[in-house]
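Okay, input-v4.txt now, which holds compact mmCIF, C-alpha atoms and all ligand atoms:
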# COMPACT_ATOMS: atom_id res chain seq x y z
CA MET A 1 91.02 -80.83 -19.73
CA LEU A 2 90.76 -78.16 -17.01
CA ARG A 3 89.05 -75.82 -19.46
CA THR A 4 86.53 -78.54 -20.39
CA THR A 5 85.81 -79.26 -16.70
CA LEU A 6 85.28 -75.58 -15.89
CA LEU A 7 83.04 -75.06 -18.90
CA ALA A 8 80.95 -78.09 -17.88
CA ALA A 9 80.78 -76.63 -14.35
CA ALA A 10 79.54 -73.36 -15.87
CA ARG A 11 76.31 -75.23 -16.71
CA SER A 12 75.99 -77.23 -13.46
CA ARG A 13 73.47 -76.16 -10.79
CA THR A 14 75.42 -77.91 -8.00
CA CYS A 15 78.69 -76.20 -8.89
CA ARG A 16 76.84 -72.93 -9.17
CA THR A 17 75.58 -73.18 -5.60
CA LEU A 18 79.07 -74.09 -4.31
CA VAL A 19 80.85 -71.29 -6.15
CA GLU A 20 78.21 -68.65 -5.35
CA ARG A 21 78.37 -69.49 -1.63
CA ALA A 22 82.17 -69.46 -1.35
CA PRO A 23 83.17 -66.31 0.58
CA VAL A 24 86.14 -65.69 -1.71
CA THR A 25 84.05 -65.57 -4.87
CA ARG A 26 82.65 -62.03 -4.58
CA GLY A 27 86.07 -60.38 -4.66
CA LEU A 28 87.09 -62.34 -7.74
CA VAL A 29 83.80 -61.69 -9.51
CA ALA A 30 84.31 -57.95 -8.96
CA LYS A 31 87.43 -58.15 -11.16
CA TYR A 32 85.26 -59.09 -14.16
CA VAL A 33 81.80 -57.69 -13.34
CA ALA A 34 81.21 -53.96 -12.90
CA GLY A 35 78.37 -54.22 -10.35
CA SER A 36 75.33 -56.22 -9.31
CA THR A 37 72.93 -53.45 -10.38
CA LEU A 38 72.87 -50.83 -13.11
CA GLU A 39 73.38 -48.08 -10.52
CA SER A 40 76.48 -49.76 -9.11
CA ALA A 41 77.91 -50.34 -12.62
CA LEU A 42 77.39 -46.81 -13.93
CA PRO A 43 80.44 -45.23 -12.24
CA ALA A 44 82.67 -47.71 -14.11
CA VAL A 45 80.90 -46.85 -17.36
CA GLU A 46 81.38 -43.13 -16.74
CA ARG A 47 85.09 -43.66 -15.96
CA LEU A 48 85.66 -45.84 -19.02
CA THR A 49 83.79 -43.63 -21.48
CA ALA A 50 86.13 -40.72 -20.73
CA ALA A 51 88.62 -42.23 -23.22
CA ARG A 52 87.15 -45.55 -24.33
CA LEU A 53 83.86 -46.84 -25.72
CA VAL A 54 81.69 -49.34 -23.88
CA THR A 55 79.21 -52.13 -24.59
CA LEU A 56 77.05 -53.10 -21.62
CA ASP A 57 75.82 -56.64 -20.96
CA HIS A 58 72.97 -57.20 -18.50
CA LEU A 59 74.13 -60.63 -17.31
CA GLY A 60 71.88 -63.64 -17.83
CA GLU A 61 71.65 -66.64 -20.16
CA ASP A 62 69.91 -69.99 -20.77
CA THR A 63 66.53 -68.69 -19.60
CA ARG A 64 63.80 -71.37 -19.53
CA ASP A 65 61.13 -69.02 -18.19
CA ALA A 66 59.19 -66.55 -20.37
CA ASP A 67 58.65 -64.11 -17.46
CA GLN A 68 62.36 -63.99 -16.80
CA ALA A 69 62.98 -63.31 -20.50
CA HIS A 70 60.57 -60.35 -20.30
CA GLU A 71 62.30 -59.10 -17.15
CA THR A 72 65.57 -59.10 -19.09
CA VAL A 73 63.97 -56.99 -21.82
CA ASP A 74 62.72 -54.56 -19.15
CA ALA A 75 66.23 -54.38 -17.66
CA TYR A 76 67.68 -53.51 -21.09
CA SER A 77 64.93 -50.93 -21.66
CA ARG A 78 65.80 -49.27 -18.33
CA LEU A 79 69.51 -49.41 -19.18
CA LEU A 80 68.99 -47.86 -22.62
CA ALA A 81 66.71 -45.13 -21.24
CA GLU A 82 69.45 -44.29 -18.73
CA LEU A 83 72.13 -44.20 -21.45
CA GLY A 84 69.91 -41.83 -23.45
CA ARG A 85 69.07 -39.62 -20.45
CA THR A 86 72.70 -39.24 -19.34
CA GLY A 87 74.17 -38.76 -22.83
CA LEU A 88 76.27 -41.91 -22.39
CA ALA A 89 74.55 -43.40 -25.46
CA ASP A 90 77.08 -41.51 -27.61
CA ARG A 91 79.83 -43.79 -26.28
CA ALA A 92 78.00 -46.85 -24.96
CA GLU A 93 75.92 -49.53 -26.70
CA VAL A 94 74.52 -52.85 -25.42
CA SER A 95 75.29 -56.54 -25.98
CA VAL A 96 72.51 -59.12 -25.72
CA LYS A 97 72.50 -62.91 -25.34
CA LEU A 98 69.47 -64.27 -27.18
CA SER A 99 69.23 -67.19 -24.73
CA ALA A 100 68.51 -64.59 -22.01
CA VAL A 101 65.49 -63.29 -23.92
CA GLY A 102 63.87 -66.62 -24.77
CA GLN A 103 65.83 -68.43 -27.53
CA PHE A 104 65.76 -71.72 -25.55
CA LEU A 105 62.08 -71.59 -24.59
CA PRO A 106 60.13 -74.62 -25.84
CA ASP A 107 58.06 -74.37 -29.04
CA ASP A 108 58.32 -70.71 -30.01
CA GLY A 109 61.72 -69.86 -28.51
CA GLU A 110 63.23 -68.34 -31.64
CA LYS A 111 60.16 -66.20 -32.33
CA ILE A 112 59.99 -65.04 -28.69
CA ALA A 113 63.70 -64.14 -28.75
CA LEU A 114 63.21 -62.21 -32.01
CA ASP A 115 60.24 -60.24 -30.60
CA ASN A 116 62.13 -59.52 -27.38
CA ALA A 117 65.31 -58.52 -29.22
CA ARG A 118 63.19 -56.23 -31.39
CA ARG A 119 61.94 -54.42 -28.27
CA ILE A 120 65.53 -53.93 -27.15
CA CYS A 121 66.45 -52.56 -30.59
CA GLU A 122 63.53 -50.12 -30.44
CA ALA A 123 64.78 -48.88 -27.05
CA ALA A 124 68.32 -48.58 -28.47
CA ALA A 125 67.04 -46.60 -31.47
CA ALA A 126 65.17 -44.25 -29.12
CA ALA A 127 68.34 -43.76 -27.05
CA GLY A 128 70.48 -43.26 -30.17
CA THR A 129 72.76 -46.26 -29.82
CA THR A 130 73.31 -49.79 -31.17
CA VAL A 131 72.89 -53.44 -30.18
CA THR A 132 75.27 -56.35 -30.74
CA LEU A 133 74.12 -59.98 -30.40
CA ASP A 134 76.49 -62.17 -28.42
CA MET A 135 77.15 -65.67 -29.78
CA GLU A 136 76.66 -68.71 -27.55
CA ASP A 137 77.40 -72.38 -28.24
CA HIS A 138 77.45 -73.72 -31.80
CA THR A 139 73.89 -75.08 -31.62
CA THR A 140 72.61 -71.48 -31.51
CA VAL A 141 74.56 -69.99 -34.43
CA ASP A 142 72.01 -70.60 -37.24
CA SER A 143 69.17 -69.29 -35.07
CA THR A 144 71.16 -66.23 -33.95
CA LEU A 145 72.15 -65.35 -37.52
CA ALA A 146 68.53 -65.79 -38.69
CA ILE A 147 67.37 -63.40 -35.93
CA LEU A 148 70.16 -60.99 -36.86
CA ALA A 149 68.98 -60.94 -40.50
CA GLU A 150 65.36 -60.25 -39.41
CA LEU A 151 66.41 -57.47 -37.03
CA ARG A 152 68.64 -55.84 -39.65
CA THR A 153 65.71 -55.25 -41.99
CA ASP A 154 64.39 -52.65 -39.50
CA PHE A 155 67.60 -51.87 -37.59
CA PRO A 156 70.49 -52.17 -40.09
CA TRP A 157 73.02 -51.28 -37.40
CA VAL A 158 72.51 -54.43 -35.31
CA GLY A 159 75.79 -56.33 -35.03
CA ALA A 160 76.72 -59.89 -34.07
CA VAL A 161 79.60 -61.87 -32.65
CA LEU A 162 81.31 -64.57 -34.73
CA GLN A 163 83.66 -67.11 -33.14
CA ALA A 164 86.91 -67.94 -34.94
CA TYR A 165 87.14 -71.42 -33.38
CA LEU A 166 84.16 -72.67 -35.45
CA HIS A 167 84.98 -74.22 -38.84
CA ARG A 168 82.04 -72.37 -40.42
CA THR A 169 83.08 -68.88 -39.37
CA GLN A 170 85.22 -67.83 -42.32
CA ALA A 171 82.15 -68.39 -44.55
CA ASP A 172 79.93 -66.51 -42.07
CA CYS A 173 82.45 -63.62 -42.16
CA ARG A 174 82.12 -63.52 -45.95
CA ASP A 175 78.31 -63.43 -45.66
CA LEU A 176 78.49 -60.62 -43.11
CA SER A 177 81.21 -58.49 -44.71
CA GLY A 178 78.84 -56.25 -46.69
CA ALA A 179 78.19 -52.54 -46.20
CA GLY A 180 76.60 -51.62 -42.86
CA SER A 181 77.43 -54.95 -41.24
CA ARG A 182 79.03 -54.90 -37.78
CA VAL A 183 80.88 -58.07 -36.76
CA ARG A 184 82.61 -58.62 -33.44
CA LEU A 185 85.17 -61.35 -34.05
CA CYS A 186 86.29 -63.33 -30.98
CA LYS A 187 88.06 -66.68 -30.52
CA GLY A 188 85.08 -68.36 -28.81
CA ALA A 189 84.48 -69.24 -25.16
CA TYR A 190 82.46 -72.50 -25.12
CA ASP A 191 83.55 -76.13 -25.07
CA GLU A 192 82.90 -77.24 -28.64
CA PRO A 193 83.45 -80.68 -30.23
CA ALA A 194 86.19 -81.21 -32.83
CA SER A 195 83.44 -81.95 -35.40
CA VAL A 196 82.54 -78.23 -35.50
CA ALA A 197 85.47 -76.36 -33.97
CA TYR A 198 89.27 -76.09 -33.92
CA ARG A 199 90.43 -77.21 -30.49
CA ASP A 200 94.10 -76.40 -30.83
CA LYS A 201 95.07 -72.85 -29.80
CA ALA A 202 97.37 -72.28 -32.80
CA GLU A 203 94.64 -73.43 -35.18
CA VAL A 204 92.12 -71.09 -33.55
CA ASP A 205 94.59 -68.21 -33.90
CA ARG A 206 95.20 -68.99 -37.57
CA SER A 207 91.44 -69.14 -38.19
CA TYR A 208 91.08 -65.78 -36.38
CA VAL A 209 93.56 -64.19 -38.80
CA ARG A 210 91.81 -65.70 -41.86
CA CYS A 211 88.43 -64.42 -40.63
CA LEU A 212 89.83 -60.99 -39.79
CA ARG A 213 91.36 -60.75 -43.25
CA VAL A 214 87.89 -61.31 -44.76
CA LEU A 215 86.27 -58.71 -42.48
CA MET A 216 88.99 -56.09 -42.97
CA GLY A 217 88.84 -56.61 -46.74
CA GLY A 218 85.03 -56.23 -46.77
CA GLN A 219 82.71 -53.23 -46.61
CA GLY A 220 81.49 -53.69 -43.02
CA TYR A 221 82.77 -52.55 -39.63
CA PRO A 222 85.10 -55.13 -37.98
CA MET A 223 85.23 -55.25 -34.18
CA VAL A 224 88.40 -57.01 -33.08
CA ALA A 225 87.49 -58.67 -29.78
CA SER A 226 90.73 -60.11 -28.43
CA HIS A 227 93.29 -59.49 -25.69
CA ASP A 228 95.91 -61.48 -27.56
CA PRO A 229 98.84 -59.08 -28.24
CA ARG A 230 99.73 -60.87 -31.47
CA LEU A 231 96.20 -60.59 -32.86
CA VAL A 232 95.91 -56.96 -31.74
CA SER A 233 99.02 -56.13 -33.71
CA ILE A 234 97.96 -58.20 -36.77
CA ALA A 235 94.60 -56.36 -36.72
CA GLY A 236 96.40 -53.01 -36.93
CA ALA A 237 98.53 -54.23 -39.86
CA LEU A 238 95.52 -55.69 -41.72
CA ALA A 239 93.56 -52.46 -41.19
CA ASP A 240 96.46 -50.45 -42.66
CA SER A 241 96.89 -52.76 -45.66
CA SER A 242 93.11 -52.65 -46.31
CA GLY A 243 93.20 -48.85 -46.32
CA ARG A 244 91.15 -48.54 -43.14
CA GLY A 245 91.62 -45.50 -40.90
CA PRO A 246 91.22 -45.47 -37.10
CA GLY A 247 87.46 -44.83 -37.42
CA ASP A 248 86.85 -47.81 -39.72
CA TYR A 249 87.23 -50.61 -37.17
CA GLU A 250 87.66 -51.00 -33.42
CA HIS A 251 89.40 -53.08 -30.78
CA GLN A 252 87.35 -54.61 -27.99
CA MET A 253 88.33 -56.17 -24.67
CA LEU A 254 86.52 -57.39 -21.58
CA TYR A 255 86.11 -55.36 -18.39
CA GLY A 256 88.96 -56.13 -15.98
CA ILE A 257 91.29 -57.74 -18.55
CA ARG A 258 94.50 -56.07 -19.84
CA GLU A 259 93.50 -52.59 -18.60
CA ASN A 260 96.91 -51.12 -19.45
CA GLU A 261 96.66 -52.39 -23.01
CA GLN A 262 93.16 -50.94 -23.29
CA ARG A 263 94.51 -47.54 -22.20
CA ARG A 264 97.51 -47.78 -24.54
CA ILE A 265 95.31 -48.47 -27.57
CA ALA A 266 92.93 -45.61 -26.68
CA GLU A 267 95.87 -43.23 -26.14
CA GLN A 268 97.11 -44.02 -29.65
CA GLY A 269 93.86 -42.54 -30.96
CA ARG A 270 92.44 -45.94 -31.92
CA ARG A 271 88.90 -46.96 -31.02
CA MET A 272 88.86 -49.20 -27.96
CA ARG A 273 85.57 -50.58 -26.63
CA VAL A 274 85.23 -52.33 -23.28
CA TYR A 275 82.60 -55.03 -22.74
CA VAL A 276 81.10 -54.25 -19.33
CA PRO A 277 78.89 -56.93 -17.73
CA TYR A 278 76.72 -56.17 -14.71
CA GLY A 279 73.94 -57.87 -12.75
CA ASP A 280 73.63 -60.76 -10.34
CA GLU A 281 73.47 -63.58 -12.93
CA TRP A 282 77.27 -63.61 -13.21
CA TYR A 283 77.94 -67.33 -12.71
CA GLY A 284 78.26 -68.56 -16.34
CA TYR A 285 80.21 -65.47 -17.42
CA PHE A 286 82.60 -65.77 -14.45
CA MET A 287 83.27 -69.48 -15.03
CA ARG A 288 84.11 -68.83 -18.71
CA ARG A 289 86.62 -66.17 -17.61
CA LEU A 290 88.19 -68.65 -15.15
CA ALA A 291 88.40 -71.27 -17.91
CA GLU A 292 90.28 -68.92 -20.22
CA ARG A 293 93.28 -68.66 -17.99
CA PRO A 294 94.77 -71.46 -15.88
CA ALA A 295 96.37 -68.89 -13.54
CA ASN A 296 92.87 -67.67 -12.64
CA VAL A 297 91.87 -71.18 -11.61
CA ALA A 298 94.98 -71.72 -9.48
CA PHE A 299 94.33 -68.40 -7.73
CA PHE A 300 90.66 -69.25 -7.19
CA ALA A 301 91.45 -72.75 -5.89
CA ARG A 302 94.12 -71.38 -3.49
CA SER A 303 91.68 -68.77 -2.20
CA LEU A 304 89.00 -71.42 -1.60
CA LEU A 305 91.45 -73.52 0.42
CA THR A 306 92.80 -70.67 2.52
CA ASN A 307 89.37 -69.16 3.42
P1 LIG A 401 93.62 -65.60 -25.24
O1 LIG A 401 92.60 -66.41 -24.56
O2 LIG A 401 94.69 -66.25 -26.02
O3 LIG A 401 94.15 -64.50 -24.29
C1 LIG A 401 95.18 -63.60 -24.62
C2 LIG A 401 95.68 -62.94 -23.33
O4 LIG A 401 94.64 -62.15 -22.75
C3 LIG A 401 96.03 -63.93 -22.23
O5 LIG A 401 97.35 -64.39 -22.36
C4 LIG A 401 95.82 -63.10 -20.97
O6 LIG A 401 96.90 -62.21 -20.79
C5 LIG A 401 94.62 -62.27 -21.33
N1 LIG A 401 93.35 -62.94 -20.91
C6 LIG A 401 92.47 -63.56 -21.72
N2 LIG A 401 91.44 -64.01 -20.99
C7 LIG A 401 91.68 -63.69 -19.71
C8 LIG A 401 90.97 -63.88 -18.51
N3 LIG A 401 89.79 -64.49 -18.47
N4 LIG A 401 91.51 -63.41 -17.36
C9 LIG A 401 92.70 -62.75 -17.36
N5 LIG A 401 93.41 -62.53 -18.50
C10 LIG A 401 92.91 -63.00 -19.64
N6 LIG A 401 83.06 -65.45 -26.66
C11 LIG A 401 81.98 -66.10 -27.16
O7 LIG A 401 82.02 -67.32 -27.32
N7 LIG A 401 80.85 -65.40 -27.48
C12 LIG A 401 80.77 -64.05 -27.35
O8 LIG A 401 79.73 -63.45 -27.65
C13 LIG A 401 81.91 -63.36 -26.86
N8 LIG A 401 81.90 -61.99 -26.72
C14 LIG A 401 83.09 -61.34 -26.45
C15 LIG A 401 83.13 -59.95 -26.49
C16 LIG A 401 84.34 -59.29 -26.29
C17 LIG A 401 84.39 -57.80 -26.39
C18 LIG A 401 85.53 -60.04 -26.01
C19 LIG A 401 86.85 -59.35 -25.82
C20 LIG A 401 85.46 -61.41 -25.92
C21 LIG A 401 84.26 -62.08 -26.12
N9 LIG A 401 84.18 -63.46 -26.03
C22 LIG A 401 83.05 -64.10 -26.50
C23 LIG A 401 85.27 -64.24 -25.38
C24 LIG A 401 86.28 -64.76 -26.38
O9 LIG A 401 85.71 -65.75 -27.19
C25 LIG A 401 87.54 -65.34 -25.68
O10 LIG A 401 87.15 -66.42 -24.88
C26 LIG A 401 88.29 -64.36 -24.82
O11 LIG A 401 88.31 -63.08 -25.38
C27 LIG A 401 89.76 -64.81 -24.65
O12 LIG A 401 90.38 -64.88 -25.92
P2 LIG A 401 91.55 -63.86 -26.40
O13 LIG A 401 91.30 -63.53 -27.82
O14 LIG A 401 91.60 -62.70 -25.49
O15 LIG A 401 92.86 -64.71 -26.40
Produce structure tokens that represent the structure in this file.
Ligand code: FDA
Amino acid sequence: MLRTTLLAAARSRTCRTLVERAPVTRGLVAKYVAGSTLESALPAVERLTAARLVTLDHLGEDTRDADQAHETVDAYSRLLAELGRTGLADRAEVSVKLSAVGQFLPDDGEKIALDNARRICEAAAAAGTTVTLDMEDHTTVDSTLAILAELRTDFPWVGAVLQAYLHRTQADCRDLSGAGSRVRLCKGAYDEPASVAYRDKAEVDRSYVRCLRVLMGGQGYPMVASHDPRLVSIAGALADSSGRGPGDYEHQMLYGIRENEQRRIAEQGRRMRVYVPYGDEWYGYFMRRLAERPANVAFFARSLLTN
């Protein structure tokens, strides 16, 4: 119930204004967001890449304005040029939300998003790194996978996120388990109806394991995006039983979440990538992080009342 309310608030303009104006918000946002500009986020990237890998997300989503979509492409081009110039491209790639580059624009949205994503892939190729497409709510999955397929004809290293809470995902994992494919498997962060998604936590976890089994047994490169200790340990066991070595898959976690566990995995010589968001369009991302953990909400609510 609380999760549903927070996820609805994540798309409300009124709530956005209230949360953005609350004095307490900035400090909490800083836990999950590395900086409001690329320059302010880079020190975190440099620190993390000493022992971990990184994927950078220039925050933004649900764009209804073509100019804003182009500005997002420019921001990614600047980011990728910087990763190339500093040599960070060896250890840092980028993650892109297609709704930030035009997927929801009227009429030609999918085509605009494809063209814009292509420009980002060209910049990534020039820098010597890769791009992974984030996955948004279930209405976008077919379009995102169609764009992925188009991009992969020219840039075979483009990856995508699949969400274990969707009923369709085990089949999507099968389709994307071929050689060269890169799939980031997560549980899923949106409020989805029971007609398309598992809503019970145990069912989502079981689906995650089924999907991971398909990816680990395939020819592609599985990216295990979860902070859940049980799933982290199951991933290690499935990798071993599928004959995968430490370089044949990776763990991924979000910036600011389970730092000690991130370090522990990296120290064991396993690949650990941190998803690092930056920028001033943090509202939707921040609300989804609050929704994931009731303790976050209680802390946020207490802080609002005492400030
Ligand atoms: P779970 O939610 O069960 O959390 C396990 C434990 O992790 C918790 O008990 C807690 O200790 C810690 N934890 C989790 N979330 C926390 C939080 N917000 N604050 C503090 N502690 C927290 N989703 C999506 O729909 N589309 C996408 O493209 C992506 N992309 C993505 C990339 C990467 C690298 C990751 C790690 C995750 C995503 N997600 C996502 C988000 C994902 O779907 C999911 O919502 C979160 O990862 C939380 O699920 P867990 O698997 O961590 O399990």
Show me as an MDAnalysis selection string the residues that reach within 12 Å of (68.7, -46.4, -22.7), counting only C-alpha atoms and using the file's own coordinates.
chainID A and resid 38 56 73:94 119:131
Keeping only C-alpha atoms, take the residues you just selected and write them out as a PDB file, in the frame of the given file.
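Contents of the output file again39.pdb:
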ATOM      1  CA  LEU A  38      72.870 -50.830 -13.110  1.00  0.00           C
ATOM      2  CA  LEU A  56      77.050 -53.100 -21.620  1.00  0.00           C
ATOM      3  CA  VAL A  73      63.970 -56.990 -21.820  1.00  0.00           C
ATOM      4  CA  ASP A  74      62.720 -54.560 -19.150  1.00  0.00           C
ATOM      5  CA  ALA A  75      66.230 -54.380 -17.660  1.00  0.00           C
ATOM      6  CA  TYR A  76      67.680 -53.510 -21.090  1.00  0.00           C
ATOM      7  CA  SER A  77      64.930 -50.930 -21.660  1.00  0.00           C
ATOM      8  CA  ARG A  78      65.800 -49.270 -18.330  1.00  0.00           C
ATOM      9  CA  LEU A  79      69.510 -49.410 -19.180  1.00  0.00           C
ATOM     10  CA  LEU A  80      68.990 -47.860 -22.620  1.00  0.00           C
ATOM     11  CA  ALA A  81      66.710 -45.130 -21.240  1.00  0.00           C
ATOM     12  CA  GLU A  82      69.450 -44.290 -18.730  1.00  0.00           C
ATOM     13  CA  LEU A  83      72.130 -44.200 -21.450  1.00  0.00           C
ATOM     14  CA  GLY A  84      69.910 -41.830 -23.450  1.00  0.00           C
ATOM     15  CA  ARG A  85      69.070 -39.620 -20.450  1.00  0.00           C
ATOM     16  CA  THR A  86      72.700 -39.240 -19.340  1.00  0.00           C
ATOM     17  CA  GLY A  87      74.170 -38.760 -22.830  1.00  0.00           C
ATOM     18  CA  LEU A  88      76.270 -41.910 -22.390  1.00  0.00           C
ATOM     19  CA  ALA A  89      74.550 -43.400 -25.460  1.00  0.00           C
ATOM     20  CA  ASP A  90      77.080 -41.510 -27.610  1.00  0.00           C
ATOM     21  CA  ARG A  91      79.830 -43.790 -26.280  1.00  0.00           C
ATOM     22  CA  ALA A  92      78.000 -46.850 -24.960  1.00  0.00           C
ATOM     23  CA  GLU A  93      75.920 -49.530 -26.700  1.00  0.00           C
ATOM     24  CA  VAL A  94      74.520 -52.850 -25.420  1.00  0.00           C
ATOM     25  CA  ARG A 119      61.940 -54.420 -28.270  1.00  0.00           C
ATOM     26  CA  ILE A 120      65.530 -53.930 -27.150  1.00  0.00           C
ATOM     27  CA  CYS A 121      66.450 -52.560 -30.590  1.00  0.00           C
ATOM     28  CA  GLU A 122      63.530 -50.120 -30.440  1.00  0.00           C
ATOM     29  CA  ALA A 123      64.780 -48.880 -27.050  1.00  0.00           C
ATOM     30  CA  ALA A 124      68.320 -48.580 -28.470  1.00  0.00           C
ATOM     31  CA  ALA A 125      67.040 -46.600 -31.470  1.00  0.00           C
ATOM     32  CA  ALA A 126      65.170 -44.250 -29.120  1.00  0.00           C
ATOM     33  CA  ALA A 127      68.340 -43.760 -27.050  1.00  0.00           C
ATOM     34  CA  GLY A 128      70.480 -43.260 -30.170  1.00  0.00           C
ATOM     35  CA  THR A 129      72.760 -46.260 -29.820  1.00  0.00           C
ATOM     36  CA  THR A 130      73.310 -49.790 -31.170  1.00  0.00           C
ATOM     37  CA  VAL A 131      72.890 -53.440 -30.180  1.00  0.00           C
TER      38      VAL A 131
END
Test item: residues lying within 8 Å of ligand LIG 401 (chain A) with all atoms listed in the file, as a PyMOL selection string:
chain A and resi 55+97+133-137+160-163+184-190+201+224-229+231+252-254+256-258+273-275+288-293+296
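Of note, atom CA of A:Gly247 and atom CA of A:Asp175 are spaced 22.3 Å apart.
Close to (77.7, -46.1, -11.8), meaning no more than 12 Å away when counting only C-alpha atoms, sit the residues Ala34, Gly35, Ser36, Thr37, Leu38, Glu39, Ser40, Ala41, Leu42, Pro43, Ala44, Val45, Glu46, Arg47, Leu48, Thr49, Leu79, Glu82, Leu83, Thr86, Leu88, Val276 and Tyr278 of chain A.
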Dump C-alpha atoms for the selected residues as a CSV table (one decimal), in the frame of the given file?
chain,number,residue,atom,x,y,z
A,34,ALA,CA,81.2,-54.0,-12.9
A,35,GLY,CA,78.4,-54.2,-10.4
A,36,SER,CA,75.3,-56.2,-9.3
A,37,THR,CA,72.9,-53.4,-10.4
A,38,LEU,CA,72.9,-50.8,-13.1
A,39,GLU,CA,73.4,-48.1,-10.5
A,40,SER,CA,76.5,-49.8,-9.1
A,41,ALA,CA,77.9,-50.3,-12.6
A,42,LEU,CA,77.4,-46.8,-13.9
A,43,PRO,CA,80.4,-45.2,-12.2
A,44,ALA,CA,82.7,-47.7,-14.1
A,45,VAL,CA,80.9,-46.8,-17.4
A,46,GLU,CA,81.4,-43.1,-16.7
A,47,ARG,CA,85.1,-43.7,-16.0
A,48,LEU,CA,85.7,-45.8,-19.0
A,49,THR,CA,83.8,-43.6,-21.5
A,79,LEU,CA,69.5,-49.4,-19.2
A,82,GLU,CA,69.4,-44.3,-18.7
A,83,LEU,CA,72.1,-44.2,-21.4
A,86,THR,CA,72.7,-39.2,-19.3
A,88,LEU,CA,76.3,-41.9,-22.4
A,276,VAL,CA,81.1,-54.2,-19.3
A,278,TYR,CA,76.7,-56.2,-14.7
For A:Thr4, list every protein, DNA or RNA residue within 10 Å, evaluated using only C-alpha atoms, and leave out those in the same chain fewer than 4 positions away; present the list as a PyMOL selection string.
chain A and resi 8-10+190-192+291
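Atom CA of A:Leu151 is found 17.9 Å from atom CA of A:Ala69.
If you look at atom CA of A:Arg21 and atom CA of A:Phe104, they are 27.1 Å away from each other.
For the residues A:Asp280, A:Ala113, A:Ser99, A:Val158, ranking by smallest atom-to-atom distance to A:Thr139 using all atoms listed in the file places A:Ser99 first.
Closest to A:Asp62 among A:Gln170, A:Thr14, A:Gln103, A:Gln219 is A:Gln103, based on all atoms listed in the file.
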Could you check which of A:Val209, A:Met287, A:Ala66, A:Ala117 is closest to A:Leu105, using all atoms listed in the file?
A:Ala66
Just want the 9 Å neighbourhood of A:Arg263, counted on all atoms listed in the file, with same-chain residues fewer than 4 positions away dropped. Output as a PyMOL selection string.
chain A and resi 51-52+258-259+267-268+272
Take the residues from that selection and put them in a file with C-alpha atoms, as a CSV table (one decimal), in the coordinates of the input.
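Saved to out-v1.csv:
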chain,number,residue,atom,x,y,z
A,51,ALA,CA,88.6,-42.2,-23.2
A,52,ARG,CA,87.2,-45.6,-24.3
A,258,ARG,CA,94.5,-56.1,-19.8
A,259,GLU,CA,93.5,-52.6,-18.6
A,267,GLU,CA,95.9,-43.2,-26.1
A,268,GLN,CA,97.1,-44.0,-29.6
A,272,MET,CA,88.9,-49.2,-28.0
Name all residues at most 6 Å from A:Arg182 (count all atoms listed in the file; drop same-chain ones fewer than 3 positions away) and give them as a VMD selection string.
chain A and resid 159 220 to 221
All file atoms of stretch 151-156 of chain A boxed axis-aligned, 6 Å per side, centre plus edges, as JSON:
{"center_x": 67.4, "center_y": -54.7, "center_z": -39.5, "size_x": 18.1, "size_y": 17.6, "size_z": 17.0}
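Of the listed residues (A:Leu18, A:Arg11, A:Ala237, A:Val29), A:Val29 comes nearest to A:Trp282; the distances count only C-alpha atoms.
In terms of minimum interatomic distance to A:Val33, A:Asp57 ranks closest within A:Asp57, A:Glu20, A:Glu203, A:Asp172, counting only C-alpha atoms.
Comparing A:Ala202, A:Val232, A:Val96, A:Leu59 by their smallest distance to A:Gly279, the closest is A:Leu59 (using all atoms listed in the file).
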Applying 9 Å and only C-alpha atoms, which residues near A:Leu2 remain after dropping the ones on its own chain fewer than 4 positions away? List them as number ranges by chain.
A: 6-7, 291, 294, 297
